[in-house]
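Structure file work-v7.txt with compact mmCIF, C-alpha atoms:
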# COMPACT_ATOMS: atom_id res chain seq x y z
CA MET B 1 168.52 131.24 52.27
CA ARG B 2 165.55 128.86 52.26
CA VAL B 3 165.05 126.73 55.37
CA LEU B 4 162.62 123.83 55.68
CA PHE B 5 162.09 123.20 59.40
CA VAL B 6 160.59 119.82 60.32
CA SER B 7 159.48 119.59 63.95
CA GLY B 8 158.01 116.69 65.86
CA GLU B 9 156.84 118.51 68.97
CA LEU B 10 158.47 121.95 68.72
CA ILE B 11 161.65 121.06 70.62
CA ALA B 12 163.55 123.79 68.76
CA ALA B 13 160.55 125.92 67.79
CA ASP B 14 162.18 129.22 68.65
CA LEU B 15 165.08 128.46 66.33
CA ALA B 16 162.67 128.53 63.37
CA VAL B 17 161.56 132.02 64.42
CA ARG B 18 165.17 133.19 64.84
CA LEU B 19 166.10 131.91 61.38
CA LYS B 20 163.27 133.98 59.93
CA GLN B 21 164.47 137.03 61.87
CA GLU B 22 167.92 136.51 60.32
CA GLY B 23 166.36 136.97 56.89
CA CYS B 24 165.87 133.32 55.94
CA ASP B 25 162.78 132.20 54.05
CA VAL B 26 161.42 129.62 56.51
CA ARG B 27 158.64 127.06 56.22
CA LEU B 28 157.73 125.11 59.35
CA TYR B 29 156.08 121.70 59.55
CA ILE B 30 154.70 120.54 62.93
CA GLU B 31 153.86 116.85 63.25
CA ASP B 32 152.19 116.95 66.69
CA GLU B 33 148.47 117.63 66.13
CA SER B 34 148.12 119.23 69.56
CA ARG B 35 150.63 121.91 68.57
CA LYS B 36 149.56 122.67 65.00
CA ASP B 37 148.44 126.24 65.80
CA CYS B 38 151.66 127.13 67.64
CA LEU B 39 153.72 129.96 66.08
CA ASP B 40 150.81 131.02 63.84
CA GLY B 41 151.49 134.55 62.69
CA MET B 42 155.19 134.17 63.49
CA VAL B 43 156.51 131.90 60.76
CA GLU B 44 155.09 130.40 57.56
CA LYS B 45 153.67 126.89 58.03
CA THR B 46 153.27 123.86 55.78
CA ASP B 47 151.09 120.77 56.22
CA ASP B 48 153.32 118.52 54.12
CA TRP B 49 157.07 118.98 54.41
CA LYS B 50 157.85 116.47 51.67
CA LYS B 51 156.07 118.68 49.13
CA GLU B 52 158.46 121.49 50.11
CA LEU B 53 161.61 119.63 49.04
CA VAL B 54 161.45 121.15 45.57
CA TRP B 55 161.00 124.58 47.16
CA VAL B 56 163.96 124.30 49.58
CA GLY B 57 166.17 122.68 46.95
CA LYS B 58 169.66 121.33 47.45
CA ASP B 59 171.09 124.79 48.07
CA GLY B 60 168.78 125.36 51.04
CA LEU B 61 168.85 123.87 54.54
CA ILE B 62 166.58 121.23 56.06
CA VAL B 63 166.42 121.17 59.87
CA PHE B 64 164.95 118.29 61.91
CA ASP B 65 164.54 118.98 65.63
CA ASP B 66 163.50 115.57 66.96
CA VAL B 67 164.38 111.87 67.00
CA GLY B 68 162.49 109.49 64.74
CA TYR B 69 163.58 111.22 61.53
CA GLY B 70 167.11 109.82 61.44
CA LYS B 71 166.75 107.45 58.49
CA ILE B 72 164.89 110.13 56.55
CA GLN B 73 167.80 112.50 57.18
CA ASP B 74 170.34 109.92 56.02
CA ASP B 75 168.35 109.29 52.84
CA LEU B 76 167.98 113.01 52.09
CA ARG B 77 171.73 113.50 52.48
CA LYS B 78 172.36 110.69 49.99
CA GLU B 79 170.11 112.58 47.56
CA GLY B 80 172.25 115.70 47.96
CA TYR B 81 170.18 117.77 50.39
CA GLN B 82 171.82 119.82 53.17
CA VAL B 83 170.39 118.39 56.40
CA VAL B 84 171.10 119.01 60.08
CA GLY B 85 169.55 117.39 63.13
CA GLY B 86 170.86 113.85 63.60
CA SER B 87 170.98 110.45 61.90
CA GLU B 88 169.46 106.98 62.14
CA GLY B 89 172.34 105.85 64.33
CA GLY B 90 171.80 108.84 66.59
CA ASP B 91 168.12 107.97 66.98
CA LYS B 92 169.05 104.48 68.14
CA LEU B 93 171.46 105.86 70.74
CA GLU B 94 168.78 108.07 72.26
CA LYS B 95 165.76 105.78 72.01
CA GLU B 96 167.41 102.52 73.13
CA ARG B 97 169.16 103.25 76.41
CA ALA B 98 170.75 99.84 76.93
CA TYR B 99 172.12 99.95 73.38
CA ALA B 100 173.57 103.41 74.05
CA GLN B 101 175.30 102.15 77.17
CA LYS B 102 176.73 99.24 75.16
CA ILE B 103 178.13 101.57 72.49
CA MET B 104 179.61 103.90 75.09
CA ALA B 105 181.27 100.94 76.80
CA THR B 106 182.85 99.82 73.52
CA CYS B 107 184.16 103.39 73.15
CA GLY B 108 185.89 103.14 76.52
CA ILE B 109 183.36 105.09 78.58
CA LYS B 110 182.52 103.71 82.02
CA THR B 111 178.80 102.86 82.03
CA ILE B 112 175.96 102.17 84.44
CA PRO B 113 174.14 98.79 84.32
CA THR B 114 171.11 99.46 82.10
CA PHE B 115 168.47 97.02 80.86
CA ASP B 116 165.70 97.40 78.28
CA PHE B 117 162.44 95.46 78.43
CA ASN B 118 159.73 95.07 75.78
CA ASN B 119 156.95 95.12 78.36
CA ILE B 120 156.32 96.21 81.92
CA GLN B 121 155.82 92.68 83.25
CA SER B 122 159.38 91.71 82.28
CA ALA B 123 160.75 94.77 84.08
CA ILE B 124 158.74 93.87 87.21
CA ARG B 125 160.10 90.31 87.22
CA PHE B 126 163.65 91.65 86.83
CA ILE B 127 163.45 93.95 89.86
CA LYS B 128 161.98 91.16 91.99
CA LYS B 129 165.12 89.14 91.23
CA HIS B 130 167.58 92.04 91.47
CA SER B 131 167.13 94.31 94.49
CA GLY B 132 168.53 97.83 94.55
CA ALA B 133 167.58 101.41 93.81
CA TRP B 134 166.44 101.59 90.17
CA VAL B 135 165.68 104.42 87.77
CA VAL B 136 162.59 103.67 85.66
CA LYS B 137 162.39 105.27 82.21
CA GLN B 138 160.36 104.75 79.06
CA ASN B 139 162.44 104.60 75.90
CA LYS B 140 160.69 107.66 74.46
CA HIS B 141 160.22 111.35 75.35
CA ALA B 142 157.56 110.51 77.96
CA SER B 143 159.58 112.01 80.81
CA ALA B 144 156.52 112.20 83.06
CA LEU B 145 156.77 108.41 83.42
CA THR B 146 160.36 108.54 84.68
CA TYR B 147 160.90 107.62 88.31
CA ILE B 148 164.15 107.72 90.28
CA GLY B 149 164.01 105.07 92.99
CA THR B 150 165.35 105.51 96.50
CA MET B 151 164.50 102.21 98.25
CA LYS B 152 167.43 99.78 98.35
CA ASP B 153 165.12 96.79 97.84
CA GLY B 154 163.56 98.35 94.73
CA SER B 155 160.07 98.29 96.26
CA ASP B 156 159.22 101.86 95.22
CA ALA B 157 160.23 101.21 91.61
CA LEU B 158 158.04 98.10 91.68
CA GLU B 159 155.07 100.12 92.91
CA VAL B 160 155.49 102.57 90.05
CA LEU B 161 155.81 99.85 87.42
CA GLU B 162 152.79 97.99 88.74
CA SER B 163 150.75 101.18 88.53
CA TYR B 164 151.74 101.42 84.84
CA GLU B 165 150.63 97.84 84.00
CA SER B 166 147.17 98.86 82.80
CA GLN B 167 148.59 101.54 80.47
CA THR B 168 148.74 99.78 77.10
CA SER B 169 150.29 102.86 75.48
CA ILE B 170 153.51 102.45 77.45
CA GLU B 171 156.13 100.86 75.25
CA SER B 172 159.59 99.52 76.15
CA ILE B 173 160.87 100.23 79.65
CA SER B 174 164.47 100.91 80.66
CA LEU B 175 165.88 100.19 84.13
CA GLN B 176 169.13 101.76 85.23
CA ARG B 177 171.06 101.36 88.47
CA LYS B 178 170.87 104.56 90.50
CA VAL B 179 174.21 106.27 91.21
CA ASP B 180 174.94 109.22 93.48
CA GLY B 181 176.93 112.36 92.74
CA VAL B 182 176.43 115.61 90.81
CA GLU B 183 174.38 115.56 87.62
CA ILE B 184 176.05 117.43 84.75
CA ALA B 185 175.96 117.20 80.95
CA CYS B 186 178.50 117.76 78.21
CA GLY B 187 177.40 118.59 74.66
CA ARG B 188 178.71 119.82 71.34
CA PHE B 189 177.72 120.11 67.69
CA PHE B 190 179.10 117.48 65.30
CA ASN B 191 179.40 117.84 61.51
CA GLY B 192 179.68 114.19 60.49
CA ASN B 193 183.46 114.20 60.82
CA ASP B 194 184.48 116.48 63.69
CA TRP B 195 183.25 118.74 66.47
CA VAL B 196 182.11 122.27 65.59
CA GLY B 197 182.17 125.13 68.09
CA PRO B 198 183.17 125.05 71.76
CA VAL B 199 182.46 122.40 74.37
CA GLN B 200 179.20 123.05 76.19
CA ILE B 201 178.63 122.22 79.87
CA ASN B 202 175.11 122.34 81.30
CA ILE B 203 173.24 121.57 84.51
CA GLU B 204 169.65 120.40 84.06
CA HIS B 205 166.78 121.01 86.50
CA LYS B 206 164.13 118.39 85.70
CA ARG B 207 162.00 118.34 88.85
CA LEU B 208 158.83 120.41 88.78
CA PHE B 209 159.35 122.29 92.04
CA ASN B 210 162.14 124.25 93.74
CA GLY B 211 164.67 122.16 95.61
CA ASP B 212 164.32 119.29 93.12
CA ILE B 213 160.98 118.19 94.55
CA GLY B 214 158.06 116.71 92.64
CA PRO B 215 157.61 114.84 89.37
CA LEU B 216 160.23 114.87 86.64
CA THR B 217 159.46 117.07 83.67
CA GLY B 218 161.09 117.55 80.27
CA GLU B 219 163.06 120.25 82.04
CA MET B 220 162.27 123.32 84.15
CA GLY B 221 165.50 125.15 83.43
CA THR B 222 169.20 124.92 82.68
CA LEU B 223 172.48 126.58 83.65
CA MET B 224 174.95 126.53 80.75
CA TRP B 225 178.40 127.75 79.77
CA TYR B 226 180.94 127.21 76.98
CA THR B 227 184.61 126.36 77.19
CA PRO B 228 187.13 126.33 74.31
CA GLU B 229 189.31 123.94 76.31
CA GLU B 230 189.17 120.47 74.75
CA LYS B 231 191.34 119.13 77.58
CA ASN B 232 188.31 119.53 79.83
CA LYS B 233 188.08 116.29 81.80
CA LEU B 234 184.33 115.82 81.31
CA PHE B 235 184.63 116.23 77.53
CA GLN B 236 187.59 113.87 77.32
CA GLU B 237 185.83 111.17 79.34
CA THR B 238 182.57 111.32 77.34
CA LEU B 239 182.16 113.05 73.98
CA GLN B 240 185.72 112.72 72.73
CA LYS B 241 185.67 108.96 73.28
CA ILE B 242 182.48 108.52 71.25
CA LYS B 243 183.70 110.65 68.33
CA PRO B 244 184.72 107.69 66.12
CA TYR B 245 181.24 106.24 66.43
CA LEU B 246 179.60 109.55 65.46
CA GLN B 247 181.82 109.59 62.37
CA LYS B 248 180.69 106.05 61.58
CA ILE B 249 176.97 106.97 61.73
CA ASN B 250 177.50 110.32 59.93
CA PHE B 251 175.85 112.25 62.74
CA LYS B 252 175.21 115.92 61.98
CA GLY B 253 173.66 117.96 64.75
CA TYR B 254 173.81 118.52 68.50
CA PHE B 255 175.03 115.63 70.67
CA ASP B 256 174.84 115.56 74.47
CA VAL B 257 175.69 113.07 77.22
CA ASN B 258 174.05 113.63 80.59
CA CYS B 259 176.06 112.17 83.48
CA ILE B 260 176.45 111.71 87.19
CA VAL B 261 180.00 112.45 88.34
CA ASP B 262 181.70 111.86 91.65
CA GLU B 263 185.25 112.38 92.87
CA ARG B 264 186.51 109.32 90.96
CA SER B 265 184.57 108.77 87.74
CA VAL B 266 181.83 109.73 85.31
CA HIS B 267 178.61 107.73 84.98
CA PRO B 268 176.73 108.50 81.73
CA LEU B 269 172.96 108.44 82.20
CA GLU B 270 171.57 109.06 78.73
CA ILE B 271 172.31 110.48 75.31
CA THR B 272 170.51 113.33 73.54
CA ALA B 273 171.16 113.00 69.81
CA ARG B 274 169.17 116.02 68.61
CA PHE B 275 168.48 119.62 69.57
CA GLY B 276 167.72 119.80 73.28
CA CYS B 277 164.97 121.74 75.02
CA PRO B 278 165.55 124.14 76.66
CA THR B 279 169.20 123.61 75.67
CA ILE B 280 168.68 125.25 72.29
CA GLN B 281 167.07 128.30 73.90
CA ALA B 282 170.12 128.79 76.12
CA GLN B 283 172.37 128.29 73.11
CA ILE B 284 170.48 131.00 71.24
CA GLU B 285 171.20 133.30 74.18
CA LEU B 286 174.93 132.53 74.14
CA HIS B 287 175.67 132.30 70.39
CA LEU B 288 176.78 135.53 68.72
CA PRO B 289 176.89 134.83 64.96
CA SER B 290 173.99 133.95 62.68
CA TRP B 291 172.41 130.57 63.15
CA HIS B 292 171.78 129.85 59.47
CA LYS B 293 175.50 130.10 58.68
CA PHE B 294 176.42 127.91 61.64
CA LEU B 295 173.84 125.21 60.85
CA MET B 296 174.81 125.14 57.18
CA VAL B 297 178.43 124.57 58.22
CA VAL B 298 177.32 121.62 60.38
CA ALA B 299 175.27 120.22 57.49
CA ASN B 300 178.17 120.64 55.04
CA GLY B 301 180.75 119.02 57.32
CA GLU B 302 182.88 122.14 57.52
CA LYS B 303 184.87 123.80 60.31
CA TYR B 304 183.69 126.99 62.01
CA GLU B 305 185.04 129.32 64.68
CA LEU B 306 181.94 130.05 66.71
CA GLU B 307 181.82 133.33 68.61
CA TYR B 308 179.90 133.22 71.85
CA LYS B 309 179.26 135.11 75.06
CA LYS B 310 181.74 134.34 77.82
CA GLY B 311 180.37 133.57 81.23
CA PHE B 312 177.09 131.80 81.95
CA GLY B 313 173.62 131.45 80.51
CA ILE B 314 170.38 130.63 82.32
CA VAL B 315 167.11 129.44 80.80
CA VAL B 316 163.84 129.06 82.74
CA SER B 317 160.75 127.23 81.50
CA VAL B 318 157.47 129.12 81.98
CA ALA B 319 154.42 126.86 81.87
CA VAL B 320 150.70 126.69 82.59
CA PRO B 321 148.40 123.71 83.35
CA PRO B 322 148.14 120.91 82.27
CA PHE B 323 151.98 120.86 82.11
CA PRO B 324 153.78 118.59 82.89
CA TYR B 325 150.97 116.18 81.95
CA LYS B 326 148.58 116.02 79.03
CA SER B 327 144.94 116.90 79.60
CA ILE B 328 142.51 113.96 79.59
CA SER B 329 140.12 116.24 77.73
CA ASN B 330 140.63 117.62 74.24
CA GLU B 331 139.44 121.01 75.47
CA TYR B 332 142.07 123.49 76.60
CA TYR B 333 140.53 126.38 78.46
CA LEU B 334 143.61 128.63 78.29
CA LYS B 335 143.93 128.57 74.50
CA GLY B 336 143.62 132.09 73.10
CA VAL B 337 144.46 133.84 76.40
CA ASN B 338 146.63 136.92 75.82
CA ILE B 339 150.19 137.09 77.12
CA LEU B 340 150.74 140.50 78.70
CA PHE B 341 153.71 142.49 79.99
CA LYS B 342 154.27 144.99 82.78
CA GLY B 343 155.40 147.90 80.63
CA ARG B 344 157.14 147.81 77.26
CA LEU B 345 160.09 145.53 76.69
CA THR B 346 163.23 146.69 74.92
CA ARG B 347 164.41 144.80 71.83
CA GLU B 348 167.11 143.16 73.92
CA GLU B 349 164.56 142.07 76.51
CA ARG B 350 162.23 140.63 73.86
CA ASP B 351 165.17 138.63 72.52
CA GLN B 352 165.29 136.91 75.91
CA LEU B 353 161.85 135.39 75.25
CA HIS B 354 161.76 132.09 73.37
CA PHE B 355 158.33 130.90 72.25
CA GLU B 356 156.85 127.43 71.96
CA GLU B 357 153.08 127.14 72.49
CA VAL B 358 152.44 130.73 71.47
CA CYS B 359 150.91 132.42 68.43
CA ILE B 360 150.13 135.95 67.28
CA LYS B 361 146.44 136.71 66.68
CA PRO B 362 144.05 139.66 66.99
CA GLY B 363 142.60 140.21 70.44
CA LYS B 364 139.04 141.37 71.23
CA ASN B 365 139.97 144.96 70.37
CA GLY B 366 141.46 143.98 67.02
CA LYS B 367 145.02 144.60 68.19
CA GLU B 368 147.51 141.78 67.67
CA TYR B 369 148.61 139.94 70.80
CA LEU B 370 150.82 137.06 71.76
CA GLN B 371 148.39 134.32 72.76
CA ILE B 372 148.55 130.88 74.32
CA ALA B 373 148.35 128.16 71.67
CA GLY B 374 148.70 124.39 71.65
CA SER B 375 147.23 122.33 74.47
CA ASN B 376 150.15 121.12 76.58
CA GLY B 377 151.16 124.15 78.64
CA TYR B 378 154.72 124.51 77.28
CA ILE B 379 154.38 128.28 76.81
CA LEU B 380 157.83 129.86 76.55
CA TYR B 381 161.35 130.07 77.91
CA VAL B 382 163.23 133.07 79.31
CA THR B 383 167.01 133.39 79.09
CA GLY B 384 169.74 135.62 80.43
CA ALA B 385 173.53 135.74 80.27
CA GLY B 386 176.16 137.20 82.59
CA ASN B 387 179.75 136.97 83.77
CA THR B 388 178.61 134.90 86.75
CA PRO B 389 175.67 132.55 87.36
CA GLN B 390 174.27 135.19 89.71
CA ASP B 391 174.33 137.83 86.93
CA ALA B 392 172.64 135.45 84.49
CA ARG B 393 169.96 134.59 87.05
CA LYS B 394 169.15 138.24 87.71
CA LYS B 395 168.81 139.08 84.00
CA THR B 396 166.54 136.08 83.49
CA TYR B 397 164.24 136.59 86.45
CA ASP B 398 164.01 140.35 85.85
CA ILE B 399 162.30 139.52 82.54
CA ILE B 400 160.05 136.87 84.09
CA ASP B 401 158.88 139.49 86.60
CA LYS B 402 157.53 141.51 83.66
CA LEU B 403 155.48 138.60 82.30
CA VAL B 404 151.74 138.32 82.98
CA ILE B 405 150.33 134.95 81.93
CA PRO B 406 147.27 133.64 83.80
CA LYS B 407 148.09 130.55 85.86
CA MET B 408 151.76 130.58 84.87
CA PHE B 409 154.38 128.89 87.04
CA TYR B 410 158.14 128.31 86.97
CA ARG B 411 161.04 127.43 89.24
CA THR B 412 162.82 130.30 90.97
CA ASP B 413 165.99 128.38 91.89
CA ILE B 414 167.57 127.56 88.52
CA GLY B 415 171.34 127.59 89.01
CA LEU B 416 171.25 128.05 92.79
CA LYS B 417 172.43 124.57 93.75
CA PHE B 418 175.42 124.99 91.44
CA ILE B 419 176.26 128.33 93.04
CA GLU B 420 175.84 127.11 96.62
CA GLU B 421 177.18 123.53 96.42
CA ASP B 422 178.05 121.87 93.12
CA ASN B 423 180.48 124.41 91.68
CA LYS B 424 182.91 123.79 94.53
CA LYS B 425 182.55 119.99 94.30
CA LEU B 426 183.02 119.87 90.54
CA LYS B 427 186.16 122.01 90.72
CA GLU B 428 187.63 119.97 93.59
CA TRP B 429 186.97 116.77 91.63
CA GLY B 430 188.56 118.25 88.50
CA TRP B 431 185.51 118.08 86.22
CA ILE B 432 185.37 121.81 85.47
Reformat the file's structure so that it appears as structure tokens.
Amino acid sequence: MRVLFVSGELIAADLAVRLKQEGCDVRLYIEDESRKDCLDGMVEKTDDWKKELVWVGKDGLIVFDDVGYGKIQDDLRKEGYQVVGGSEGGDKLEKERAYAQKIMATCGIKTIPTFDFNNIQSAIRFIKKHSGAWVVKQNKHASALTYIGTMKDGSDALEVLESYESQTSIESISLQRKVDGVEIACGRFFNGNDWVGPVQINIEHKRLFNGDIGPLTGEMGTLMWYTPEEKNKLFQETLQKIKPYLQKINFKGYFDVNCIVDERSVHPLEITARFGCPTIQAQIELHLPSWHKFLMVVANGEKYELEYKKGFGIVVSVAVPPFPYKSISNEYYLKGVNILFKGRLTREERDQLHFEEVCIKPGKNGKEYLQIAGSNGYILYVTGAGNTPQDARKKTYDIIDKLVIPKMFYRTDIGLKFIEEDNKKLKEWGWI
């Protein structure tokens, strides 16, 4: 099967490689200029995805892994192409947080007060009039700008916003009331009419350092598991209620609601209306059948009995500087550095590696090596699965221990808080 893979910033990059390994004829387009050399030597690339429409045809599959392509996807579907990734309505839900909260409220989901502002000055004036702990977010993927306030008078959020005033590149700002509880997400694939596959529960770890300390990143790791039980309370209180709206916008792809829950209710924080990262890498670890068949089913609006590993999956992000920020210089001194291993990995162990800013090129001795590519430091992800979170952690970190990447760093506590604290709370509260 032919697959045209259109990627904004390589959110689901490893999926393109897996589709090729399954025997698909894959062509990958990367929009982000800073990542153009990523996956060189691993999958065929194209500089103009629109010119490949004749090649992929209406019998092939087109995959979009980012927001911003929703209207294009809707238009391609009208022309008869098989497309998976999202929709224009899905883009709006993810990019406009206050709008998403409004839609969820109309669907009967309890929401958190959320406000969007077209400029930073308006957000500053709002906090000065409305004291409280506020979460500051930009309505884009710029997670490094996100700040979770702690001061009850909002003074720390004000300080952050005022420091952003000189940054003309910052677009609309979202402010959301801070709520306390356990952060947990519920996700599932949707085929335009109904859910496909099991309910997915995941716990994100967005802080840079162990113990949830430091700046927020895209994500440093995730604990995930599947449940076939649609009566799951978290699913019923979030995704199931928004199903009619997803039908209305003809959404086809992965849909996720990240929440804070307490003993009484769920508080949805944000929507992901696309492939997640590193959600997709954990999904690749847990899914058993071929991805091209599954994605084609989603694109076609068909039903599918997905087979998956029981138990838990762990994914850990492995990065190098300048992650989690972009370099102020165009030069990237780690580009071309070889990625090495302590001993040979088995095929199963290599399958636990999921690449992003990596390519295959000849080293100084002429031998081909995995090398650092791109310029952002998002190198790769390591996954593992097991009957318990502890088993999944061990399998994951055993592989990381075999990696040798100069200046690499990662969190060593992915899944620990769930094991030590949150699992008990979530069960007592009836969420899992």
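Between atom CA of B:Lys45 and atom CA of B:Pro362 lies a distance of 18.3 Å.
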Among listed residues B:Gly108, B:Gly253, B:Pro198, B:Gly90, nearest B:His287 (using only C-alpha atoms):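 Looking only at the distances to B:His287, the closest residue turns out to be B:Pro198.
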Place a sphere of radius 10 Å on (172.8, 132.0, 55.4) in the file coordinates and name every protein, DNA or RNA residue with an atom inside or on its surface, counting all atoms listed in the file; give the answer as a list in words.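 Output: Met1, Arg2, Val3, Leu19, Glu22, Gly23, Cys24, Gly60, Leu61, Ser290, Trp291, His292, Lys293, Phe294, Leu295, Met296 and Val297 of chain B.
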Enter the distance from atom CA of B:Ser166 to atom CA of B:Lys326, in Å, rounded to one decimal.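 Atom CA of B:Ser166 sits 17.6 Å away from atom CA of B:Lys326.
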Rank nothing, just name the residue among B:Arg188, B:Lys128, B:Lys152, B:Arg27 nearest to B:Trp225, using all atoms listed in the file.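 The answer is B:Arg188, which sits nearest to B:Trp225.
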Draw an axis-aligned box tight on the listed atoms of stretch 179-198 of chain B, then pad every side by 4 Å and write out centre and edge lengths in Å to one decimal as lines of an AutoDock Vina configuration file.
center_x = 179.3
center_y = 115.7
center_z = 77.0
size_x = 18.3
size_y = 26.9
size_z = 41.0
So, counting only C-alpha atoms, which residue among B:Met151, B:Leu239, B:Gly374, B:Thr111 is closest to B:Glu331?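 Selected residue with least distance to B:Glu331: B:Gly374.
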Residues within 12 Å of B:Glu159, only C-alpha atoms, excluding chain neighbours under 5 positions, as an NGL selection string: :B and (120 or 123-124 or 127-128 or 134 or 136 or 147 or 149 or 151 or 153-154 or 164-165)
Pick out the residues sitting within 12 Å of B:Lys36, and hand them over as a compact mmCIF listing (two decimals) with C-alpha atoms, in the coordinates of the input; count all atoms listed in the file, and ignore anything fewer than 5 positions along from it in its own chain.
# COMPACT_ATOMS: atom_id res chain seq x y z
CA SER B 7 159.48 119.59 63.95
CA GLY B 8 158.01 116.69 65.86
CA GLU B 9 156.84 118.51 68.97
CA LEU B 10 158.47 121.95 68.72
CA ALA B 13 160.55 125.92 67.79
CA LEU B 28 157.73 125.11 59.35
CA TYR B 29 156.08 121.70 59.55
CA ILE B 30 154.70 120.54 62.93
CA GLU B 31 153.86 116.85 63.25
CA LYS B 45 153.67 126.89 58.03
CA THR B 46 153.27 123.86 55.78
CA ASP B 47 151.09 120.77 56.22
CA GLU B 356 156.85 127.43 71.96
CA GLU B 357 153.08 127.14 72.49
CA VAL B 358 152.44 130.73 71.47
CA CYS B 359 150.91 132.42 68.43
CA ALA B 373 148.35 128.16 71.67
CA GLY B 374 148.70 124.39 71.65
CA SER B 375 147.23 122.33 74.47
CA ASN B 376 150.15 121.12 76.58
